[in-house]
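Undergrad: What follows is model24.cif; its format and atoms are mmCIF, C-alpha atoms.
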data_structure
loop_
_atom_site.label_atom_id
_atom_site.label_comp_id
_atom_site.auth_asym_id
_atom_site.auth_seq_id
_atom_site.Cartn_x
_atom_site.Cartn_y
_atom_site.Cartn_z
CA MET A 1 -110.90 -46.20 -135.58
CA THR A 2 -110.67 -49.98 -135.86
CA VAL A 3 -107.92 -51.72 -133.91
CA ASP A 4 -105.91 -54.12 -136.07
CA ALA A 5 -106.38 -57.82 -135.33
CA ARG A 6 -104.76 -59.33 -138.42
CA PRO A 7 -105.34 -61.25 -140.53
CA GLN A 8 -108.41 -59.13 -141.33
CA LYS A 9 -109.98 -61.71 -143.72
CA ARG A 10 -110.27 -64.34 -140.99
CA PRO A 11 -113.77 -64.00 -139.47
CA LEU A 12 -113.99 -62.64 -135.94
CA SER A 13 -117.03 -62.64 -133.69
CA ALA A 14 -117.78 -62.29 -129.99
CA ILE A 15 -120.04 -63.67 -127.28
CA VAL A 16 -120.74 -61.37 -124.32
CA LEU A 17 -122.13 -63.04 -121.21
CA ALA A 18 -124.73 -60.86 -119.47
CA ALA A 19 -127.25 -63.33 -118.06
CA GLY A 20 -126.24 -63.36 -114.40
CA GLN A 21 -128.40 -61.96 -111.64
CA GLY A 22 -125.52 -60.25 -109.82
CA THR A 23 -126.88 -60.90 -106.33
CA ARG A 24 -123.80 -59.40 -104.65
CA MET A 25 -124.72 -56.00 -106.09
CA ARG A 26 -127.82 -56.09 -103.85
CA SER A 27 -129.78 -54.03 -106.35
CA THR A 28 -132.98 -54.12 -108.38
CA THR A 29 -130.93 -52.86 -111.33
CA PRO A 30 -129.56 -55.69 -113.49
CA LYS A 31 -125.80 -55.90 -113.00
CA PRO A 32 -124.87 -55.19 -116.64
CA LEU A 33 -126.83 -51.92 -116.47
CA HIS A 34 -125.09 -50.38 -113.48
CA ARG A 35 -123.58 -47.17 -114.79
CA LEU A 36 -119.91 -46.25 -114.88
CA CYS A 37 -119.00 -42.69 -115.88
CA GLY A 38 -122.48 -42.21 -117.31
CA ARG A 39 -122.70 -45.40 -119.38
CA PRO A 40 -124.04 -48.89 -118.49
CA MET A 41 -121.23 -51.27 -117.56
CA ILE A 42 -121.85 -53.65 -120.46
CA LEU A 43 -121.70 -50.79 -122.96
CA HIS A 44 -118.05 -50.19 -122.05
CA VAL A 45 -117.39 -53.80 -123.05
CA LEU A 46 -119.25 -53.38 -126.34
CA ASP A 47 -117.41 -50.11 -127.02
CA ALA A 48 -114.10 -51.98 -126.77
CA LEU A 49 -115.33 -54.76 -129.08
CA ALA A 50 -116.57 -52.16 -131.58
CA GLU A 51 -112.97 -51.14 -132.29
CA LEU A 52 -112.16 -54.65 -133.55
CA PRO A 53 -113.25 -55.92 -136.99
CA MET A 54 -116.24 -57.87 -135.64
CA ASP A 55 -118.55 -59.74 -137.97
CA LYS A 56 -121.14 -60.24 -135.24
CA VAL A 57 -121.55 -59.87 -131.48
CA VAL A 58 -123.96 -62.14 -129.60
CA VAL A 59 -125.11 -61.01 -126.16
CA VAL A 60 -126.40 -63.72 -123.81
CA VAL A 61 -129.08 -62.27 -121.55
CA GLY A 62 -131.05 -63.85 -118.73
CA HIS A 63 -132.02 -61.94 -115.58
CA HIS A 64 -134.26 -58.99 -116.63
CA ALA A 65 -133.59 -59.97 -120.24
CA ASN A 66 -135.99 -57.46 -121.82
CA GLU A 67 -134.62 -54.50 -119.86
CA VAL A 68 -131.01 -55.40 -120.62
CA THR A 69 -131.76 -55.97 -124.31
CA LYS A 70 -133.64 -52.68 -124.76
CA THR A 71 -130.93 -50.66 -123.02
CA ILE A 72 -128.17 -52.19 -125.12
CA GLN A 73 -130.13 -51.71 -128.35
CA ALA A 74 -130.66 -48.05 -127.51
CA GLU A 75 -127.05 -47.25 -126.61
CA ALA A 76 -124.79 -49.74 -128.41
CA PRO A 77 -122.36 -48.60 -131.13
CA LYS A 78 -124.54 -48.05 -134.20
CA ALA A 79 -122.40 -50.03 -136.65
CA MET A 80 -122.22 -53.12 -134.43
CA ARG A 81 -124.12 -56.17 -135.66
CA LEU A 82 -125.83 -57.45 -132.52
CA GLU A 83 -127.85 -60.56 -131.73
CA PHE A 84 -129.48 -61.39 -128.38
CA VAL A 85 -130.15 -64.88 -127.04
CA GLU A 86 -131.64 -65.77 -123.68
CA GLN A 87 -130.27 -68.29 -121.21
CA LEU A 88 -133.53 -69.41 -119.63
CA GLU A 89 -131.89 -71.29 -116.76
CA ALA A 90 -128.66 -70.32 -115.01
CA ARG A 91 -126.55 -73.42 -115.64
CA GLY A 92 -123.08 -71.89 -115.64
CA THR A 93 -120.75 -70.07 -117.99
CA GLY A 94 -120.19 -73.10 -120.22
CA ASP A 95 -123.91 -73.41 -120.83
CA ALA A 96 -124.16 -69.64 -121.38
CA VAL A 97 -121.56 -69.82 -124.15
CA ALA A 98 -123.36 -72.80 -125.70
CA VAL A 99 -126.53 -70.71 -125.71
CA GLY A 100 -124.52 -67.85 -127.23
CA LEU A 101 -123.46 -70.05 -130.14
CA THR A 102 -127.12 -70.44 -131.10
CA GLY A 103 -127.06 -66.74 -131.97
CA PHE A 104 -125.09 -67.56 -135.11
CA ASP A 105 -127.42 -68.90 -137.78
CA GLU A 106 -126.21 -71.92 -139.75
CA ALA A 107 -125.07 -69.94 -142.78
CA ILE A 108 -123.04 -67.51 -140.68
CA ALA A 109 -121.70 -70.25 -138.40
CA GLY A 110 -120.40 -72.12 -141.40
CA ASP A 111 -118.47 -69.07 -142.54
CA LEU A 112 -117.15 -68.49 -139.02
CA ASP A 113 -115.94 -72.06 -138.40
CA GLU A 114 -112.51 -71.10 -139.69
CA GLY A 115 -112.57 -67.90 -137.69
CA ASP A 116 -112.32 -66.96 -134.03
CA VAL A 117 -114.71 -65.92 -131.30
CA VAL A 118 -113.87 -63.70 -128.33
CA VAL A 119 -115.78 -64.70 -125.20
CA LEU A 120 -115.97 -62.30 -122.27
CA PRO A 121 -118.32 -61.25 -119.46
CA GLY A 122 -120.37 -58.09 -119.60
CA ASP A 123 -118.97 -57.11 -116.19
CA THR A 124 -115.38 -56.42 -117.35
CA PRO A 125 -115.75 -52.73 -118.28
CA LEU A 126 -112.04 -51.91 -117.92
CA VAL A 127 -110.74 -54.09 -120.75
CA ARG A 128 -109.23 -52.02 -123.56
CA ALA A 129 -109.76 -52.57 -127.27
CA ALA A 130 -105.99 -52.80 -127.78
CA THR A 131 -105.80 -55.63 -125.24
CA LEU A 132 -108.54 -57.59 -126.99
CA ALA A 133 -106.80 -57.04 -130.32
CA ARG A 134 -103.54 -58.37 -128.89
CA LEU A 135 -105.38 -61.40 -127.46
CA VAL A 136 -106.71 -62.19 -130.95
CA SER A 137 -103.35 -61.56 -132.61
CA GLU A 138 -101.46 -63.84 -130.22
CA HIS A 139 -104.18 -66.48 -130.55
CA ARG A 140 -103.74 -66.48 -134.32
CA ALA A 141 -99.96 -66.29 -134.23
CA ARG A 142 -99.89 -69.45 -132.08
CA ASP A 143 -102.57 -71.14 -134.19
CA ALA A 144 -104.25 -71.97 -130.88
CA ALA A 145 -107.60 -73.58 -130.28
CA ALA A 146 -108.06 -71.28 -127.28
CA THR A 147 -106.16 -68.38 -125.79
CA ILE A 148 -106.74 -67.10 -122.27
CA LEU A 149 -106.16 -63.52 -121.18
CA THR A 150 -104.10 -63.92 -118.01
CA ALA A 151 -102.32 -61.75 -115.44
CA LYS A 152 -99.21 -62.19 -113.31
CA LEU A 153 -99.90 -61.27 -109.69
CA ASP A 154 -97.56 -60.93 -106.72
CA ASP A 155 -100.41 -62.14 -104.53
CA PRO A 156 -102.66 -64.50 -106.54
CA PHE A 157 -104.70 -65.59 -103.50
CA GLY A 158 -108.33 -66.16 -104.40
CA TYR A 159 -107.76 -66.33 -108.17
CA SER A 160 -107.95 -69.30 -110.52
CA ARG A 161 -104.48 -70.50 -111.55
CA VAL A 162 -103.27 -71.33 -115.04
CA LEU A 163 -101.63 -74.76 -114.78
CA ARG A 164 -99.22 -76.27 -117.29
CA SER A 165 -98.01 -79.76 -118.11
CA LYS A 166 -94.34 -80.76 -117.85
CA ASP A 167 -93.72 -79.62 -121.43
CA GLY A 168 -94.98 -76.12 -120.56
CA ARG A 169 -98.32 -76.40 -122.37
CA VAL A 170 -101.41 -74.96 -120.72
CA SER A 171 -103.35 -77.92 -119.39
CA ARG A 172 -106.14 -76.56 -117.19
CA ILE A 173 -107.52 -73.73 -115.08
CA ARG A 174 -107.98 -74.58 -111.43
CA ASP A 175 -109.96 -72.65 -108.85
CA ASP A 176 -107.93 -71.36 -105.92
CA SER A 177 -109.94 -73.44 -103.45
CA GLU A 178 -109.01 -76.63 -105.31
CA CYS A 179 -105.29 -75.90 -105.76
CA SER A 180 -102.58 -77.89 -104.02
CA SER A 181 -99.95 -76.02 -102.04
CA ASP A 182 -97.57 -76.15 -105.02
CA GLU A 183 -100.26 -74.94 -107.41
CA ARG A 184 -101.00 -72.00 -105.15
CA ASP A 185 -97.44 -70.81 -105.78
CA VAL A 186 -98.31 -70.26 -109.46
CA ASP A 187 -98.51 -66.51 -110.06
CA GLU A 188 -100.31 -66.61 -113.43
CA VAL A 189 -104.06 -66.27 -112.95
CA ALA A 190 -106.85 -66.67 -115.47
CA SER A 191 -109.30 -63.96 -116.39
CA GLN A 192 -112.73 -64.74 -117.81
CA ILE A 193 -111.73 -63.39 -121.22
CA TYR A 194 -110.90 -65.89 -123.98
CA CYS A 195 -110.42 -66.24 -127.70
CA PHE A 196 -111.50 -69.59 -129.19
CA ARG A 197 -111.25 -71.06 -132.63
CA HIS A 198 -114.90 -71.02 -133.56
CA GLY A 199 -114.97 -74.52 -135.03
CA VAL A 200 -113.69 -76.29 -131.89
CA LEU A 201 -115.71 -74.40 -129.28
CA ALA A 202 -119.04 -76.22 -129.61
CA PRO A 203 -117.48 -79.73 -129.52
CA ALA A 204 -115.47 -78.75 -126.43
CA LEU A 205 -118.58 -77.44 -124.68
CA ARG A 206 -120.38 -80.72 -125.35
CA ARG A 207 -117.66 -82.50 -123.36
CA LEU A 208 -118.25 -80.43 -120.23
CA SER A 209 -119.75 -82.07 -117.16
CA PRO A 210 -121.79 -80.52 -114.31
CA ASP A 211 -119.98 -82.81 -111.86
CA ASN A 212 -119.31 -80.11 -109.28
CA PRO A 213 -120.99 -78.83 -106.08
CA LEU A 214 -122.99 -76.22 -108.04
CA GLY A 215 -124.10 -78.64 -110.74
CA GLU A 216 -123.08 -76.13 -113.43
CA TYR A 217 -121.13 -76.26 -116.68
CA PHE A 218 -117.96 -74.19 -116.30
CA LEU A 219 -116.29 -72.62 -119.32
CA THR A 220 -112.92 -72.96 -117.57
CA ASP A 221 -113.22 -76.76 -117.89
CA SER A 222 -113.11 -76.42 -121.69
CA ILE A 223 -109.38 -75.67 -121.43
CA GLU A 224 -108.64 -79.12 -120.03
CA VAL A 225 -110.94 -80.68 -122.64
CA LEU A 226 -109.00 -79.01 -125.46
CA HIS A 227 -105.61 -79.86 -123.94
CA THR A 228 -106.59 -83.52 -123.52
CA ALA A 229 -107.71 -83.62 -127.16
CA GLY A 230 -104.24 -82.45 -128.22
CA TYR A 231 -105.09 -78.86 -129.12
CA THR A 232 -102.82 -75.91 -128.37
CA VAL A 233 -104.00 -73.60 -125.61
CA ALA A 234 -102.12 -70.30 -125.34
CA THR A 235 -102.09 -67.34 -122.98
CA ALA A 236 -101.79 -63.59 -123.48
CA VAL A 237 -100.61 -61.79 -120.36
CA VAL A 238 -102.28 -58.43 -119.77
CA GLY A 239 -99.97 -55.63 -118.65
CA ASP A 240 -102.50 -54.03 -116.30
CA PRO A 241 -104.42 -56.65 -114.27
CA MET A 242 -107.19 -54.10 -113.63
CA GLU A 243 -108.29 -54.54 -117.25
CA ALA A 244 -109.39 -58.11 -116.60
CA ALA A 245 -111.11 -57.35 -113.30
CA GLY A 246 -114.79 -58.17 -113.02
CA VAL A 247 -117.35 -56.07 -111.15
CA ASN A 248 -119.36 -58.15 -108.70
CA ASP A 249 -120.28 -55.77 -105.87
CA ARG A 250 -120.56 -52.06 -105.07
CA SER A 251 -116.97 -51.83 -103.86
CA GLN A 252 -115.64 -53.19 -107.15
CA LEU A 253 -118.07 -50.90 -109.00
CA ALA A 254 -116.54 -47.89 -107.24
CA ALA A 255 -113.02 -49.08 -108.04
CA ALA A 256 -113.92 -49.47 -111.72
CA GLU A 257 -115.53 -46.02 -111.74
CA GLY A 258 -112.34 -44.52 -110.33
CA GLU A 259 -110.19 -46.23 -112.94
CA LEU A 260 -112.41 -45.17 -115.83
CA ARG A 261 -112.62 -41.60 -114.55
CA SER A 262 -108.84 -41.48 -114.34
CA ARG A 263 -108.58 -42.65 -117.96
CA ILE A 264 -111.12 -40.07 -119.13
CA ASN A 265 -109.37 -37.23 -117.30
CA ASP A 266 -105.96 -38.27 -118.58
CA ARG A 267 -107.25 -38.39 -122.15
CA TRP A 268 -108.71 -34.88 -121.94
CA MET A 269 -105.62 -33.40 -120.32
CA ARG A 270 -103.53 -34.80 -123.17
CA ARG A 271 -105.89 -33.00 -125.55
CA GLY A 272 -105.30 -29.61 -123.98
CA VAL A 273 -107.75 -29.42 -121.07
CA THR A 274 -106.48 -28.09 -117.73
CA MET A 275 -107.67 -29.89 -114.60
CA CYS A 276 -106.37 -28.25 -111.46
CA ASP A 277 -107.26 -31.29 -109.35
CA PRO A 278 -108.09 -34.36 -111.49
CA GLU A 279 -109.09 -36.38 -108.43
CA ALA A 280 -111.81 -33.83 -107.70
CA THR A 281 -113.01 -33.58 -111.31
CA TYR A 282 -115.75 -35.87 -112.65
CA VAL A 283 -116.26 -36.02 -116.43
CA GLU A 284 -118.60 -38.62 -117.88
CA VAL A 285 -117.79 -40.52 -121.05
CA ASN A 286 -120.17 -38.61 -123.37
CA VAL A 287 -118.99 -35.14 -122.35
CA ILE A 288 -117.19 -33.05 -125.00
CA LEU A 289 -114.50 -30.52 -124.01
CA GLY A 290 -112.91 -27.91 -126.26
CA THR A 291 -109.29 -26.82 -126.25
CA ASP A 292 -107.92 -24.63 -123.46
CA VAL A 293 -110.88 -25.46 -121.22
CA THR A 294 -110.07 -25.12 -117.51
CA LEU A 295 -111.85 -27.30 -114.95
CA LEU A 296 -111.39 -26.22 -111.33
CA PRO A 297 -111.90 -28.52 -108.29
CA GLY A 298 -115.36 -29.83 -107.59
CA VAL A 299 -116.58 -29.92 -111.21
CA VAL A 300 -119.08 -32.63 -112.22
CA LEU A 301 -119.99 -32.83 -115.92
CA GLU A 302 -122.70 -35.35 -116.82
CA GLY A 303 -124.63 -36.58 -119.82
CA HIS A 304 -124.04 -34.92 -123.17
CA THR A 305 -122.59 -31.70 -121.78
CA SER A 306 -120.32 -29.78 -124.16
CA ILE A 307 -117.87 -27.07 -123.14
CA GLY A 308 -116.56 -24.57 -125.69
CA ASP A 309 -112.93 -23.55 -126.22
CA GLY A 310 -111.37 -21.44 -123.48
CA ALA A 311 -114.25 -21.78 -121.01
CA VAL A 312 -113.50 -21.88 -117.29
CA ILE A 313 -115.73 -24.11 -115.17
CA GLY A 314 -115.65 -24.21 -111.39
CA PRO A 315 -115.01 -24.46 -108.64
CA SER A 316 -118.02 -26.46 -107.44
CA CYS A 317 -120.14 -26.77 -110.60
CA HIS A 318 -122.57 -29.52 -111.56
CA LEU A 319 -123.69 -29.41 -115.19
CA ILE A 320 -126.03 -31.99 -116.76
CA ASP A 321 -126.69 -32.04 -120.52
CA CYS A 322 -125.63 -28.42 -120.85
CA GLU A 323 -124.13 -26.51 -123.78
CA VAL A 324 -121.49 -23.98 -122.76
CA GLY A 325 -120.11 -21.48 -125.28
CA GLU A 326 -116.51 -20.44 -125.82
CA ARG A 327 -114.82 -18.41 -123.09
CA ALA A 328 -117.81 -18.67 -120.75
CA ARG A 329 -117.10 -18.53 -117.00
CA ILE A 330 -119.20 -20.60 -114.61
CA THR A 331 -118.62 -20.89 -110.87
CA HIS A 332 -120.54 -22.45 -107.97
CA THR A 333 -123.45 -23.37 -110.25
CA VAL A 334 -125.92 -26.19 -110.79
CA ALA A 335 -127.52 -26.42 -114.23
CA GLU A 336 -129.46 -28.95 -116.27
CA ARG A 337 -130.22 -28.75 -120.00
CA ALA A 338 -129.14 -25.12 -120.09
CA CYS A 339 -127.55 -23.29 -123.02
CA ILE A 340 -124.94 -20.76 -121.90
CA GLY A 341 -123.74 -18.37 -124.57
CA GLU A 342 -120.23 -17.42 -125.62
CA GLY A 343 -118.47 -15.28 -123.03
CA ALA A 344 -121.36 -15.50 -120.55
CA ALA A 345 -120.67 -15.44 -116.80
CA VAL A 346 -122.72 -17.53 -114.38
CA GLY A 347 -122.44 -17.65 -110.60
CA PRO A 348 -121.54 -17.85 -107.91
CA PHE A 349 -124.49 -19.55 -106.24
CA SER A 350 -126.66 -19.96 -109.34
CA CYS A 351 -129.16 -22.65 -110.28
CA LEU A 352 -130.21 -22.74 -113.93
CA GLU A 353 -133.45 -24.59 -114.51
CA PRO A 354 -133.94 -26.90 -117.50
CA GLY A 355 -134.45 -24.93 -120.68
CA THR A 356 -132.56 -21.83 -119.53
CA ARG A 357 -130.80 -19.96 -122.36
CA LEU A 358 -128.24 -17.25 -121.71
CA ALA A 359 -127.22 -14.90 -124.49
CA ARG A 360 -123.67 -14.12 -125.52
CA GLY A 361 -121.93 -12.14 -122.77
CA GLU A 362 -124.91 -12.33 -120.38
CA ARG A 363 -124.10 -12.31 -116.66
CA VAL A 364 -126.14 -14.15 -114.03
CA GLY A 365 -125.47 -14.88 -110.37
CA ALA A 366 -125.13 -13.46 -106.90
CA PHE A 367 -122.94 -10.62 -108.18
CA PHE A 368 -125.05 -9.90 -111.26
CA GLY A 369 -128.65 -10.62 -110.25
CA ALA A 370 -130.94 -13.59 -109.68
CA SER A 371 -130.88 -16.74 -111.79
CA PRO A 372 -133.25 -16.56 -114.76
CA PRO A 373 -136.31 -18.77 -115.02
CA ALA A 374 -136.52 -21.62 -117.51
CA GLY A 375 -136.30 -20.37 -121.07
CA GLY A 376 -134.21 -17.37 -120.04
#
Mind converting the file's structure to structure tokens?

TA:
Amino acid sequence: MTVDARPQKRPLSAIVLAAGQGTRMRSTTPKPLHRLCGRPMILHVLDALAELPMDKVVVVVGHHANEVTKTIQAEAPKAMRLEFVEQLEARGTGDAVAVGLTGFDEAIAGDLDEGDVVVLPGDTPLVRAATLARLVSEHRARDAAATILTAKLDDPFGYSRVLRSKDGRVSRIRDDSECSSDERDVDEVASQIYCFRHGVLAPALRRLSPDNPLGEYFLTDSIEVLHTAGYTVATAVVGDPMEAAGVNDRSQLAAAEGELRSRINDRWMRRGVTMCDPEATYVEVNVILGTDVTLLPGVVLEGHTSIGDGAVIGPSCHLIDCEVGERARITHTVAERACIGEGAAVGPFSCLEPGTRLARGERVGAFFGASPPAGG
């Protein structure tokens, strides 16, 4: 289902920044490819964008560009029109967006000049499609040159502040370390998620300067450039600040995993699945659950596992890419790529090898006999 971001006829595109090395992850895996609930982090971002009426999405890659590109191509939403461009040298977010703009060929760019472009990092997997749609809608309602997704925090320490001129207009984004004591009292903080009028973005980026200790071009500086040029810069305040949170290290990765898992569990429970202890139940994003399924504590469902109506799983089950029939009962079991028939009973203390197939009503486990070999 496409989330409304009216007016529909006004072109909408996106640039996703995924070129960073992510050194704080301390991993050989490129940061955008770290998995959350069974899906690479950047794919959660693309899934949210896929629910908006996007004409094109450009992904800016850099570190391990080929690996990131191939993974995204294999798993991205099928209907999404994707283009990949490489930032050969890490010169900051402003430069990355400028590189991203090269992903729109001249014919398309001309059509998009009167449209809008959402710019966001590939490490913000918690942002919802509805939030991005509201960002675009408020941007258009204000006829803004740029709109920043912001959050109001009781304790904004460490975050960049949204500063305004005396007339209340957004004038700049300032890093916490550079704020005066009065500016640190500002509770509105800037995320790294924006919506720009496509036609003004490139000229604003050309006005950026690398006059900073890192010698980089910062996208945040484009806000001051646009304000100085007399353009309107707006904000859209997100209700849940977690949505705008980036993932930069393993601790933040775990926090994002917990939030996404909570969303997945809540969605399934609202669809008629019983979870006796949601905090001890792990369901990945591609898992399919039928109605009246019961998941007991200690259940881990991974990959493309599907559970039929009325099945009872758990406690202490780990199923990977398994197909479970209606009204099956599985307890204290590990299984991978197994097909368990309708009404079958498995466990306790069973291990089903890849390729195992259990017939309708078949019983396997410590109480019924040894686990079958692969292929049944």

Undergrad: For this file, the PyMOL selection byres ((chain A and resi 344) around 9) selects which residues, as a PyMOL selection string?

TA: chain A and resi 324-330+340-343+345-346+358-364

Undergrad: Selected by the PyMOL selection byres ((chain A and resi 21) around 8) in the shown coordinates: which residues, as JSON, numbers by chain?

TA: {"A": [19, 20, 22, 23, 30, 31, 62, 63]}

Undergrad: So what does the PyMOL selection byres ((chain A and resi 231-234) around 6) actually pick up in this one, as an MDAnalysis selection string?

TA: chainID A and resid 144:147 170 226:227 229:230 235

Undergrad: Would you mind telling me which residue in A:Leu219, A:Thr333, A:Ala245, A:Glu89 lies nearest to A:Arg206 when using only C-alpha atoms?

TA: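 The closest residue to A:Arg206 is A:Leu219.
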
Undergrad: Separation of atom CA of A:Val97 and atom CA of A:Glu83, in Å?

TA: 13.5 Å

Undergrad: Taking only C-alpha atoms into account, which of A:Asp116, A:Asp95, A:Glu178, A:Asp143 comes nearest A:Arg207?

TA: A:Asp95

Undergrad: My list of candidates is A:Leu201, A:Met41, A:Met54, A:Ile223. Which is closest to A:Glu75 when distances are computed with only C-alpha atoms?

TA: A:Met41

Undergrad: Which residue gives the smallest distance to A:Gly246 among A:Ile42, A:Ala311, A:Val186, A:Leu208, with all atoms listed in the file counted?

TA: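 Ranked by minimum distance to A:Gly246, first place goes to A:Ile42.
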
Undergrad: Would you mind telling me which residue in A:Glu284, A:Asp249, A:Glu224, A:Asp309 lies nearest to A:Asn265 when using all atoms listed in the file?

TA: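 Closest to A:Asn265, using all atoms listed in the file: A:Glu284.
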
Undergrad: In Å to one decimal, how far is atom CA of A:Asp105 from atom CA of A:Leu82?

TA: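 Answer for the atom CA of A:Leu82 to atom CA of A:Asp105 separation: 12.7 Å.
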
Undergrad: For A:Ser165, which residue out of A:Glu183, A:Thr331, A:Arg337, A:Ala76 is the nearest one, using only C-alpha atoms?

TA: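 The shortest atom-to-atom distance to A:Ser165 comes from A:Glu183.
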
Undergrad: Tell me, as a VMD selection string, which residues lie within 9 Å of A:Arg39, counting only C-alpha atoms; anything in the same chain fewer than 5 positions away does not count.

TA: chain A and resid 33 to 34 44 75 284 to 286

Undergrad: In Å to one decimal, how far is atom CA of A:Arg164 from atom CA of A:Ile193?

TA: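 Computing the Euclidean distance for atom CA of A:Ile193 and atom CA of A:Arg164 yields 18.4 Å.
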